[in-house]
>>> print(open('query17.cif').read())   # mmCIF, C-alpha atoms
data_work
#
loop_
_atom_site.label_atom_id
_atom_site.label_comp_id
_atom_site.auth_asym_id
_atom_site.auth_seq_id
_atom_site.Cartn_x
_atom_site.Cartn_y
_atom_site.Cartn_z
CA MET T 1 152.64 104.86 156.09
CA THR T 2 155.70 105.12 153.89
CA PHE T 3 155.81 105.38 150.15
CA ASN T 4 157.41 101.97 149.99
CA SER T 5 154.82 100.27 152.09
CA LEU T 6 152.75 97.51 150.62
CA PHE T 7 149.52 99.42 151.27
CA PHE T 8 150.74 102.38 149.24
CA GLN T 9 151.75 100.13 146.36
CA ILE T 10 148.29 98.57 146.39
CA ILE T 11 146.68 102.01 146.27
CA LEU T 12 148.88 103.00 143.33
CA ALA T 13 148.01 99.84 141.43
CA GLY T 14 144.30 100.33 142.16
CA LEU T 15 144.40 103.92 140.93
CA ALA T 16 146.15 102.88 137.74
CA LEU T 17 143.62 100.15 137.04
CA ALA T 18 140.74 102.53 137.82
CA LEU T 19 142.15 105.06 135.33
CA ILE T 20 142.43 102.39 132.67
CA PHE T 21 138.92 101.01 133.04
CA LEU T 22 137.04 104.16 133.94
CA PHE T 23 138.69 106.69 131.65
CA ILE T 24 141.15 105.36 129.09
CA LYS T 25 139.02 102.50 127.78
CA PRO T 26 135.78 104.56 127.26
CA ALA T 27 137.84 107.44 125.87
CA MET T 28 139.42 105.15 123.27
CA ALA T 29 135.96 103.90 122.25
CA ASP T 30 134.77 107.49 121.92
CA ILE T 31 137.82 108.37 119.82
CA GLY T 32 137.04 105.43 117.54
CA GLU T 33 133.49 106.74 117.01
CA LEU T 34 134.76 110.25 116.38
CA GLN T 35 137.17 109.00 113.77
CA GLY T 36 134.43 106.97 112.10
CA ALA T 37 132.20 110.05 112.01
CA ILE T 38 135.04 112.14 110.56
CA ILE T 39 135.51 109.60 107.77
CA GLU T 40 131.78 109.67 106.96
CA TYR T 41 131.71 113.44 106.83
CA GLN T 42 134.80 113.46 104.62
CA LYS T 43 133.07 111.05 102.24
CA GLY T 44 130.05 113.33 102.18
CA ILE T 45 132.25 116.33 101.48
CA ASP T 46 133.98 114.44 98.65
CA ASN T 47 130.58 113.65 97.16
CA ILE T 48 129.52 117.28 97.36
CA GLU T 49 132.75 118.38 95.71
CA LYS T 50 132.18 115.80 92.98
CA VAL T 51 128.64 117.06 92.46
CA ASN T 52 129.81 120.66 92.35
CA LYS T 53 132.36 119.76 89.72
CA GLN T 54 129.76 117.96 87.65
CA ILE T 55 127.40 120.89 87.93
CA ASP T 56 130.16 123.18 86.71
CA ASP T 57 131.03 120.82 83.83
CA TYR T 58 127.44 120.39 82.68
CA SER T 59 126.69 124.10 83.02
CA LYS T 60 129.70 124.80 80.83
CA LYS T 61 128.51 122.25 78.24
CA ILE T 62 125.12 123.90 78.13
CA THR T 63 126.66 127.35 77.88
CA ASP T 64 128.93 126.14 75.07
CA MET T 65 126.00 124.75 73.04
CA LYS T 66 125.47 126.66 69.82
CA THR T 67 122.49 128.97 69.83
CA ASP T 68 121.08 127.27 66.72
CA ASP T 69 121.26 123.89 68.41
CA LYS T 70 119.54 125.25 71.53
CA ASN T 71 116.78 126.80 69.44
CA SER T 72 116.36 123.58 67.46
CA LEU T 73 116.07 121.60 70.67
CA LEU T 74 113.51 124.03 72.10
CA LYS T 75 111.56 123.92 68.86
CA TYR T 76 111.68 120.12 68.65
CA MET T 77 110.63 119.66 72.28
CA PRO T 78 108.94 122.90 73.40
CA ASN T 79 107.71 123.60 76.92
CA LYS T 80 104.18 123.81 75.65
CA VAL T 81 102.37 122.97 72.40
CA ASP T 82 100.77 125.90 70.62
CA ASP T 83 97.71 124.06 69.33
CA VAL T 84 96.64 126.82 66.97
CA GLY T 85 100.18 127.21 65.62
CA VAL T 86 100.58 123.47 65.01
CA ALA T 87 97.16 123.23 63.37
CA ARG T 88 98.13 126.12 61.12
CA ASP T 89 101.42 124.40 60.22
CA ILE T 90 99.67 121.11 59.39
CA PHE T 91 97.12 122.99 57.29
CA ASN T 92 99.85 124.81 55.39
CA ILE T 93 101.73 121.58 54.77
CA ALA T 94 98.55 119.98 53.42
CA LYS T 95 97.86 122.94 51.13
CA SER T 96 101.44 122.98 49.87
CA SER T 97 101.03 119.26 49.06
CA ASN T 98 98.08 120.08 46.73
CA LEU T 99 95.52 118.56 49.08
CA GLU T 100 92.03 119.77 49.83
CA VAL T 101 91.57 120.16 53.60
CA ASP T 102 88.10 119.25 54.82
CA ASP T 103 88.66 119.35 58.57
CA ILE T 104 91.36 119.79 61.17
CA ARG T 105 90.95 119.24 64.91
CA PHE T 106 92.92 119.32 68.11
CA ASP T 107 92.03 117.10 71.05
CA PRO T 108 91.67 119.61 73.94
CA LYS T 109 91.31 117.04 76.68
CA GLY T 110 94.78 115.68 76.23
CA THR T 111 95.85 112.61 74.37
CA LYS T 112 96.17 109.10 75.71
CA VAL T 113 98.65 107.39 73.48
CA ASP T 114 100.36 104.11 74.17
CA LEU T 115 103.88 105.47 73.86
CA PHE T 116 107.06 103.49 74.20
CA THR T 117 108.68 103.97 77.61
CA PRO T 118 112.28 102.84 78.16
CA PRO T 119 112.50 100.02 80.72
CA SER T 120 114.69 102.07 83.06
CA MET T 121 115.41 105.75 83.19
CA ALA T 122 116.80 108.23 85.74
CA LYS T 123 114.09 109.41 88.09
CA HIS T 124 114.36 113.07 87.15
CA ARG T 125 113.50 112.22 83.53
CA THR T 126 109.96 112.18 82.23
CA MET T 127 108.45 111.10 78.94
CA PRO T 128 107.26 113.76 76.46
CA VAL T 129 103.59 114.73 76.61
CA PRO T 130 101.67 113.82 73.41
CA TYR T 131 99.06 116.03 71.68
CA LYS T 132 96.84 114.71 68.89
CA PHE T 133 95.70 116.52 65.76
CA THR T 134 93.32 114.99 63.23
CA ILE T 135 93.12 116.23 59.66
CA LYS T 136 90.83 115.17 56.83
CA VAL T 137 92.17 115.76 53.36
CA ARG T 138 91.42 114.79 49.77
CA GLY T 139 93.87 114.33 46.97
CA SER T 140 95.65 111.86 44.77
CA TYR T 141 97.76 108.99 46.04
CA ASN T 142 100.96 110.80 45.09
CA ASP T 143 99.83 114.02 46.74
CA ILE T 144 98.96 112.22 49.97
CA ALA T 145 102.34 110.45 49.86
CA GLY T 146 103.96 113.87 49.37
CA PHE T 147 102.00 115.21 52.34
CA MET T 148 103.39 112.37 54.48
CA GLN T 149 106.90 113.24 53.34
CA ASN T 150 106.43 116.94 54.10
CA ILE T 151 105.02 116.10 57.54
CA GLU T 152 108.19 114.11 58.31
CA ASP T 153 110.42 117.01 57.21
CA SER T 154 108.99 119.46 59.75
CA ASP T 155 111.24 121.05 62.39
CA TYR T 156 109.35 119.46 65.24
CA PRO T 157 107.97 115.95 65.54
CA LEU T 158 104.72 115.39 63.64
CA GLU T 159 104.28 111.65 63.85
CA VAL T 160 101.54 109.85 61.92
CA PHE T 161 99.89 107.50 64.39
CA GLY T 162 96.82 106.66 62.33
CA LEU T 163 95.77 106.83 58.71
CA LYS T 164 92.59 105.84 56.91
CA LEU T 165 92.70 106.03 53.16
CA VAL T 166 89.47 105.63 51.23
CA LYS T 167 88.98 105.75 47.51
CA GLU T 168 86.44 108.25 46.34
CA GLY T 169 84.93 107.76 42.92
CA ASP T 170 85.40 104.80 40.57
CA THR T 171 87.45 101.66 40.98
CA THR T 172 90.42 102.21 38.75
CA ASN T 173 94.03 101.98 39.90
CA THR T 174 95.01 104.11 42.86
CA ALA T 175 98.25 105.13 41.19
CA THR T 176 96.27 107.30 38.80
CA THR T 177 94.75 110.69 39.49
CA ASN T 178 91.68 109.34 41.29
CA MET T 179 90.77 111.21 44.39
CA LEU T 180 91.39 109.60 47.78
CA GLY T 181 90.11 110.71 51.12
CA ALA T 182 92.48 110.48 54.04
CA ASP T 183 91.91 110.80 57.79
CA VAL T 184 95.27 111.36 59.38
CA GLU T 185 96.04 111.32 63.11
CA ILE T 186 99.18 113.27 63.87
CA ILE T 187 100.91 113.38 67.24
CA THR T 188 103.29 116.07 68.41
CA TYR T 189 104.97 116.47 71.79
CA SER T 190 105.79 118.95 74.46
CA HIS T 191 108.53 118.72 77.09
CA SER T 192 106.13 118.97 80.04
CA MET C 1 195.85 109.48 180.40
CA GLN C 2 193.50 106.65 180.18
CA GLY C 3 190.88 108.40 182.16
CA SER C 4 190.85 111.50 179.98
CA SER C 5 188.80 109.84 177.24
CA ASN C 6 186.12 108.90 179.72
CA SER C 7 185.77 112.41 181.14
CA SER C 8 185.06 114.18 177.82
CA PHE C 9 181.71 116.12 177.74
CA ILE C 10 181.07 114.84 174.14
CA PRO C 11 179.03 111.70 174.52
CA LYS C 12 180.45 108.66 172.90
CA ARG C 13 178.47 106.87 170.25
CA ASN C 14 177.38 103.34 170.61
CA PRO C 15 179.55 101.37 168.26
CA GLU C 16 176.68 98.98 167.55
CA LYS C 17 174.47 101.85 166.42
CA GLU C 18 177.33 103.21 164.24
CA SER C 19 177.64 99.99 162.38
CA ARG C 20 173.89 99.87 161.90
CA ARG C 21 173.65 103.46 160.43
CA GLY C 22 176.54 103.47 157.95
CA GLY C 23 176.24 99.77 157.09
CA SER C 24 174.67 97.79 154.08
CA ALA C 25 171.79 99.43 151.65
CA ARG C 26 168.08 98.84 152.26
CA PRO C 27 166.51 96.32 149.77
CA VAL C 28 164.01 97.88 147.12
CA PHE C 29 161.61 95.34 145.83
CA ILE C 30 161.18 94.90 142.04
CA GLY C 31 157.42 94.88 142.51
CA THR C 32 157.55 98.41 143.94
CA ILE C 33 159.47 99.66 140.92
CA LEU C 34 157.12 97.97 138.53
CA ILE C 35 154.02 99.35 140.19
CA ARG C 36 155.40 102.88 140.22
CA VAL C 37 156.38 102.65 136.56
CA PHE C 38 152.96 101.23 135.73
CA PHE C 39 151.19 104.01 137.59
CA PHE C 40 153.11 106.80 135.92
CA ALA C 41 152.69 105.16 132.51
CA VAL C 42 148.93 105.04 133.04
CA LEU C 43 148.99 108.66 134.14
CA ILE C 44 150.80 109.72 130.99
CA ALA C 45 148.47 107.60 128.84
CA THR C 46 145.48 109.30 130.51
CA ILE C 47 146.80 112.73 129.68
CA ILE C 48 147.56 111.73 126.07
CA THR C 49 144.15 110.11 125.62
CA PHE C 50 142.39 113.19 126.98
CA ALA C 51 144.33 115.47 124.60
CA TRP C 52 143.75 113.17 121.63
CA GLN C 53 140.02 113.03 122.32
CA LYS C 54 139.84 116.82 122.35
CA ILE C 55 141.74 117.04 119.04
CA GLN C 56 139.45 114.51 117.35
CA GLN C 57 136.39 116.35 118.59
CA ARG C 58 137.76 119.59 117.19
CA ASN C 59 138.47 117.90 113.84
CA LEU C 60 134.94 116.54 113.71
CA ASP C 61 133.46 119.95 114.47
CA ALA C 62 135.55 121.44 111.63
CA GLU C 63 134.34 118.78 109.17
CA ILE C 64 130.72 119.34 110.22
CA GLU C 65 131.05 123.07 109.75
CA ARG C 66 132.68 122.59 106.34
CA MET C 67 129.94 120.25 105.20
CA THR C 68 127.22 122.56 106.46
CA SER C 69 128.66 125.51 104.57
CA MET C 70 129.01 123.45 101.36
CA THR C 71 125.44 122.16 101.69
CA THR C 72 124.15 125.68 102.25
CA ALA C 73 126.06 126.90 99.18
CA LEU C 74 124.51 124.08 97.14
CA LYS C 75 121.04 125.08 98.25
CA ASN C 76 121.41 128.72 97.30
CA GLU C 77 119.40 130.18 94.47
CA GLN C 78 122.17 130.26 91.89
CA SER C 79 123.10 126.63 92.40
CA GLN C 80 119.47 125.55 92.32
CA LYS C 81 119.02 127.44 89.07
CA SER C 82 122.04 125.70 87.53
CA ILE C 83 120.85 122.30 88.71
CA ASN C 84 117.34 122.87 87.36
CA GLU C 85 118.74 123.98 84.01
CA ILE C 86 120.90 120.87 83.79
CA LEU C 87 118.05 118.51 84.71
CA ASN C 88 115.73 120.29 82.31
CA THR C 89 118.16 120.13 79.40
CA ASP C 90 118.99 116.50 80.09
CA THR C 91 115.31 115.54 80.15
CA ARG C 92 114.66 117.44 76.94
CA LEU C 93 117.58 115.73 75.21
CA PHE C 94 116.45 112.35 76.51
CA GLN C 95 112.91 112.92 75.22
CA THR C 96 114.26 113.98 71.83
CA LYS C 97 116.46 110.91 71.69
CA VAL C 98 113.56 108.59 72.51
CA ARG C 99 111.38 110.04 69.74
CA LEU C 100 114.18 110.15 67.18
CA GLU C 101 115.01 106.51 67.87
CA ARG C 102 111.42 105.70 66.97
CA ALA C 103 111.15 107.98 63.97
CA MET C 104 109.46 106.20 61.07
CA ALA C 105 109.01 107.27 57.47
CA VAL C 106 105.30 106.62 56.88
CA SER C 107 105.79 108.01 53.36
CA ALA C 108 107.95 104.95 52.69
CA VAL C 109 104.81 102.84 53.19
CA PHE C 110 103.26 104.51 50.17
CA SER C 111 106.35 103.73 48.09
CA ALA C 112 106.41 100.14 49.34
CA LEU C 113 102.73 99.62 48.56
CA ARG C 114 103.15 101.12 45.12
CA ALA C 115 106.10 98.80 44.49
CA THR C 116 104.24 95.69 45.66
CA ASN C 117 100.79 96.48 44.27
CA VAL C 118 99.99 94.21 41.36
CA ASP C 119 98.42 95.96 38.34
CA THR C 120 95.32 93.80 38.41
CA VAL C 121 94.64 94.49 42.08
CA GLN C 122 93.09 97.75 43.27
CA ILE C 123 93.36 99.07 46.80
CA LYS C 124 89.90 100.15 47.94
CA ASN C 125 90.82 101.40 51.35
CA LEU C 126 93.66 101.27 53.76
CA SER C 127 93.94 101.73 57.48
CA LEU C 128 97.23 102.19 59.25
CA LYS C 129 97.91 102.25 62.96
CA ARG C 130 101.22 102.91 64.64
CA GLU C 131 102.14 100.60 67.51
CA ASP C 132 104.75 102.66 69.29
CA ALA C 133 105.49 100.15 72.04
CA THR C 134 106.59 97.53 69.48
CA ASN C 135 107.88 100.11 66.96
CA GLN C 136 105.85 98.90 64.02
CA LEU C 137 102.98 99.85 61.77
CA ALA C 138 99.91 97.64 61.48
CA LEU C 139 98.08 97.91 58.16
CA GLU C 140 94.80 96.53 56.98
CA ILE C 141 94.16 96.89 53.26
CA ASP C 142 90.95 96.12 51.43
CA MET C 143 91.73 95.06 47.89
CA ASP C 144 89.75 94.28 44.81
CA THR C 145 90.58 92.11 41.83
CA ASP C 146 88.86 89.90 39.28
CA THR C 147 90.76 86.60 39.42
CA PHE C 148 91.98 84.25 42.12
CA ASP C 149 95.35 84.16 40.37
CA SER C 150 95.69 87.89 41.03
CA VAL C 151 94.92 87.31 44.72
CA LEU C 152 97.57 84.61 44.93
CA PHE C 153 100.07 86.67 42.98
CA GLN C 154 99.46 89.72 45.15
CA ARG C 155 99.95 87.63 48.26
CA LYS C 156 103.18 86.20 46.85
CA ILE C 157 104.55 89.66 46.05
CA LEU C 158 103.75 90.88 49.56
CA GLU C 159 105.39 87.83 51.10
CA GLU C 160 108.57 88.46 49.13
CA SER C 161 108.82 92.09 50.17
CA ASN C 162 111.77 93.03 52.40
CA ILE C 163 109.86 95.85 54.01
CA ILE C 164 106.37 94.46 54.41
CA ASN C 165 105.49 91.50 56.57
CA ILE C 166 102.15 89.94 55.61
CA SER C 167 100.15 88.19 58.32
CA GLY C 168 97.68 86.77 55.84
CA VAL C 169 94.98 87.31 53.28
CA GLN C 170 91.49 87.12 54.75
CA ASP C 171 87.82 87.60 54.03
CA VAL C 172 88.02 86.68 50.36
CA LYS C 173 84.57 87.42 48.92
CA LEU C 174 83.35 86.83 45.44
CA GLU C 175 80.72 89.06 43.82
CA ARG C 176 79.10 88.50 40.48
CA VAL C 177 78.45 92.15 39.87
CA SER C 178 80.77 94.23 37.78
CA ASP C 179 80.20 97.96 37.85
CA VAL C 180 81.26 100.16 35.00
CA ALA C 181 81.02 103.89 34.54
CA ASP C 182 79.14 105.57 31.73
CA SER C 183 80.41 108.52 29.74
CA ARG C 184 79.30 110.94 32.44
CA GLY C 185 81.09 108.97 35.14
CA ASN C 186 77.90 107.50 36.64
CA VAL C 187 78.10 103.92 37.88
CA VAL C 188 76.00 101.51 35.80
CA ARG C 189 75.22 97.97 36.81
CA SER C 190 76.45 95.53 34.18
CA THR C 191 75.14 92.07 33.40
CA SER C 192 78.29 90.80 31.67
CA GLY C 193 78.81 88.20 34.44
CA LYS C 194 82.23 89.43 35.48
CA ILE C 195 83.35 88.54 39.00
CA SER C 196 84.84 90.80 41.61
CA LEU C 197 87.02 89.36 44.35
CA ASN C 198 87.36 91.41 47.52
CA PHE C 199 89.95 90.46 50.06
CA LYS C 200 91.70 91.88 53.04
CA ALA C 201 95.44 91.84 53.63
CA LYS C 202 96.86 92.32 57.11
CA LEU C 203 100.38 93.64 57.09
CA THR C 204 102.96 94.84 59.58
CA ILE C 205 105.97 96.99 58.85
CA ALA C 206 108.81 97.20 61.37
CA GLY C 207 109.95 100.74 62.13
CA SER C 208 113.54 99.69 61.52
CA ASN C 209 112.63 98.92 57.89
CA ILE C 210 111.40 102.45 57.24
CA PRO C 211 113.82 104.77 59.07
CA GLN C 212 113.30 108.46 58.67
CA ILE C 213 115.92 110.08 56.48
CA PRO C 214 116.67 113.81 56.89
CA ALA C 215 115.75 115.89 53.87
CA ASN C 216 119.37 116.96 53.29
CA LYS C 217 120.54 113.35 53.12
CA ARG C 218 117.76 112.00 50.98
CA GLY C 219 118.64 110.97 47.46
CA LEU C 220 122.13 109.67 48.25
CA VAL C 221 122.49 106.61 46.04
CA GLU C 222 125.32 104.77 47.74
CA GLU C 223 124.50 105.24 51.37
CA VAL C 224 121.26 105.93 53.12
CA VAL C 225 121.93 107.55 56.45
CA PRO C 226 119.00 107.37 58.81
CA VAL C 227 118.58 109.87 61.61
CA THR C 228 120.56 108.51 64.55
CA THR C 229 120.85 109.57 68.09
CA GLU C 230 124.64 109.79 67.74
CA GLU C 231 124.05 113.29 66.37
CA ILE C 232 122.57 114.30 69.69
CA GLU C 233 125.13 114.73 72.47
CA GLU C 234 123.29 113.69 75.59
CA LEU C 235 124.52 114.74 78.99
CA PRO C 236 125.58 111.47 80.70
CA VAL C 237 123.79 112.37 83.89
CA GLU C 238 123.02 108.75 84.69
CA GLU C 239 126.76 108.01 85.03
CA ALA C 240 127.31 110.70 87.64
CA VAL C 241 126.24 111.07 91.22
CA GLU C 242 122.57 111.73 90.95
CA VAL C 243 121.87 115.36 91.57
CA THR C 244 118.37 115.86 92.84
CA ASN C 245 116.84 118.16 95.33
CA GLU C 246 116.10 115.19 97.51
CA ASN C 247 119.82 114.42 98.00
CA ILE C 248 120.75 117.92 99.03
#
>>> encode(input="query17.cif", output="structure tokens")
Amino acid sequence: MTFNSLFFQIILAGLALALIFLFIKPAMADIGELQGAIIEYQKGIDNIEKVNKQIDDYSKKITDMKTDDKNSLLKYMPNKVDDVGVARDIFNIAKSSNLEVDDIRFDPKGTKVDLFTPPSMAKHRTMPVPYKFTIKVRGSYNDIAGFMQNIEDSDYPLEVFGLKLVKEGDTTNTATTNMLGADVEIITYSHS
Amino acid sequence: MQGSSNSSFIPKRNPEKESRRGGSARPVFIGTILIRVFFFAVLIATIITFAWQKIQQRNLDAEIERMTSMTTALKNEQSQKSINEILNTDTRLFQTKVRLERAMAVSAVFSALRATNVDTVQIKNLSLKREDATNQLALEIDMDTDTFDSVLFQRKILEESNIINISGVQDVKLERVSDVADSRGNVVRSTSGKISLNFKAKLTIAGSNIPQIPANKRGLVEEVVPVTTEEIEELPVEEAVEVTNENI
């Protein structure tokens, strides 16, 4: 057999074709998959870098917040409601509004209130938890109106969700100094 | 000397064989060349493909290792603490924004009622309920007067109010008893024949009509600035890639 013989040429051609179909073609497919996987991992790495940058940015924003603003936020939306403290505050507001306080209660079993919920919100966000206080007071129309105003001016939310105003005594005009009885439902919130 | 060439011990070559050996070149077929070129090209391609495959595998391994280290760094305690602080602060700001957007000045109801209450009509009792979902207050007021004209006038005043929305006047009841108080304040039944008209007014007040005004901005004559959420800088977490423990 010589290198120029037809048989040898056939063997060479067969070997070449075998290399193409048995090695080169599957290897190219494998390389394609590897490149696809590399692109996916690079996308994931880009996302992680983006997240890291956002974490750094937001952490800096929080760090740069003024201490007064942070304290105000924590006071407005505390981690937990101090029921005795809030009851004391409501009582003091009522007394400073020249009202007689007959009763003040806190609902210990939690409060079911039909609160507004935004139609869509990020899944890590939750709605504030409501707590109900009920106070019974007596005073004039103007004093009760002043009590409402003072309630609104507090440093944390004290929202009037219910009010029953009843005249006590005779039937003259409410704008005078006749005594009124008021049952007020006040809601405050905690962060969690 | 003719015989001397025939007696030489060096054998003479066959002239026919001479011409055959040093004569014309052997033919090389084009097919042979092509097949050899093809074979060597495939061989080189095989080597290149093998090397390229190894390089890509190495690149992939490097990317996997890099991603693993970044993921591990993100899961460490310090990063988790930062993430939790961010999520916590964002939720707190969001909750504050939601409540501030729905802040209502219930005290304004008292002012509105005083402004719309007709002198001849007395409010006996009032019940108010906040409907947070629709951001409005629902009021039911029991009123007392002595003439139908007062009832109609009171209804007209309430209808014309910009703040109050009246659903209607209901349960109008007439009583022929008029109670007066004696000098000691005791109620005495009178027989003068005066009438007393009791009626109920159902009202709603939209929260947007009674915005809460901060104490330091109250009393401004020209401009009333309600509390707005523009004063609260909320972290725009919803615009970013969502960072949760589930994605890490």
>>> atom_distance(input="query17.cif", atom1="CA of Val166 in chain T", atom2="CA of Asp142 in chain C")
9.6 Å
>>> closest_residue(input="query17.cif", among="C:Lys81, C:Arg184, C:Lys200, C:Arg102", to="Glu140 in chain C", atoms="all atoms listed in the file")
C:Lys200
>>> axis_aligned_box(input="query17.cif", around="range 127-138 of chain T", padding_each_side="4 Å", output="lines of an AutoDock Vina configuration file")
center_x = 99.6
center_y = 113.8
center_z = 64.4
size_x = 25.6
size_y = 13.4
size_z = 37.2
>>> resolve_selection(input="query17.cif", expression="the PyMOL selection byres ((chain T and resi 108-125) around 8)", output="list of chain:residue names")
T:Phe106, T:Asp107, T:Thr126, T:Met127, T:Pro130, T:Tyr131, T:Lys132, C:Leu87, C:Asp90, C:Thr91, C:Phe94, C:Glu131, C:Asp132, C:Ala133, C:Thr134, C:Glu238, C:Thr244
>>> resolve_selection(input="query17.cif", expression="the PyMOL selection byres ((chain C and resi 58-73) around 8)", output="list in words")
Leu34, Gln35, Ala37, Ile38, Tyr41, Gln42, Gly44, Ile45 and Ile48 of chain T; Lys54, Ile55, Gln56, Gln57, Leu74, Lys75, Asn76, Ser79 and Ile248 of chain C
>>> closest_residue(input="query17.cif", among="C:Phe40, C:Ile48, C:Ser8, C:Phe29", to="Phe23 in chain T", atoms="all atoms listed in the file")
C:Ile48
>>> residues_around(input="query17.cif", residues="range 71-86 of chain T", least_positions_apart="3", cutoff="10 Å", atoms="all atoms listed in the file", output="ChimeraX atom specification")
/T:66-68,89-92,105-108,128-133,154-158,188-192 /C:89,92-93,95-96,99,232
>>> build_atoms(input="query17.cif", residues="range 122-128 of chain T", atoms="all heavy atoms", output="compact mmCIF listing (two decimals), in the coordinates of the input")
# COMPACT_ATOMS: atom_id res chain seq x y z
N ALA T 122 116.51 107.46 84.53
CA ALA T 122 116.80 108.23 85.74
C ALA T 122 115.52 108.90 86.24
O ALA T 122 114.66 109.29 85.44
CB ALA T 122 117.86 109.28 85.43
N LYS T 123 115.39 109.00 87.56
CA LYS T 123 114.09 109.41 88.09
C LYS T 123 113.74 110.87 87.83
O LYS T 123 112.59 111.25 87.96
CB LYS T 123 113.97 109.08 89.57
CG LYS T 123 115.02 109.68 90.46
CD LYS T 123 114.80 109.21 91.90
CE LYS T 123 115.89 109.73 92.79
NZ LYS T 123 115.72 109.36 94.17
N HIS T 124 114.71 111.70 87.45
CA HIS T 124 114.36 113.07 87.15
C HIS T 124 113.81 113.20 85.74
O HIS T 124 113.28 114.23 85.36
CB HIS T 124 115.57 113.99 87.33
CG HIS T 124 116.65 113.79 86.31
ND1 HIS T 124 117.66 112.86 86.44
CD2 HIS T 124 116.86 114.37 85.10
CE1 HIS T 124 118.45 112.91 85.40
NE2 HIS T 124 117.99 113.81 84.56
N ARG T 125 113.93 112.15 84.93
CA ARG T 125 113.50 112.22 83.53
C ARG T 125 112.03 111.85 83.42
O ARG T 125 111.54 110.97 84.12
CB ARG T 125 114.33 111.27 82.67
CG ARG T 125 115.76 111.72 82.49
CD ARG T 125 116.57 110.69 81.74
NE ARG T 125 117.90 111.20 81.40
CZ ARG T 125 118.89 110.45 80.93
NH1 ARG T 125 118.69 109.16 80.73
NH2 ARG T 125 120.06 110.97 80.65
N THR T 126 111.36 112.50 82.49
CA THR T 126 109.96 112.18 82.23
C THR T 126 109.80 111.97 80.73
O THR T 126 110.64 112.38 79.93
CB THR T 126 109.04 113.34 82.66
OG1 THR T 126 109.50 114.55 82.02
CG2 THR T 126 109.08 113.54 84.17
N MET T 127 108.71 111.32 80.36
CA MET T 127 108.45 111.10 78.94
C MET T 127 107.77 112.35 78.37
O MET T 127 107.11 113.10 79.09
CB MET T 127 107.53 109.89 78.76
CG MET T 127 108.19 108.58 79.17
SD MET T 127 109.74 108.29 78.32
CE MET T 127 109.15 107.97 76.66
N PRO T 128 107.92 112.58 77.06
CA PRO T 128 107.26 113.76 76.46
C PRO T 128 105.74 113.59 76.51
O PRO T 128 105.22 112.48 76.54
CB PRO T 128 107.76 113.76 75.02
CG PRO T 128 108.24 112.38 74.77
CD PRO T 128 108.69 111.82 76.07
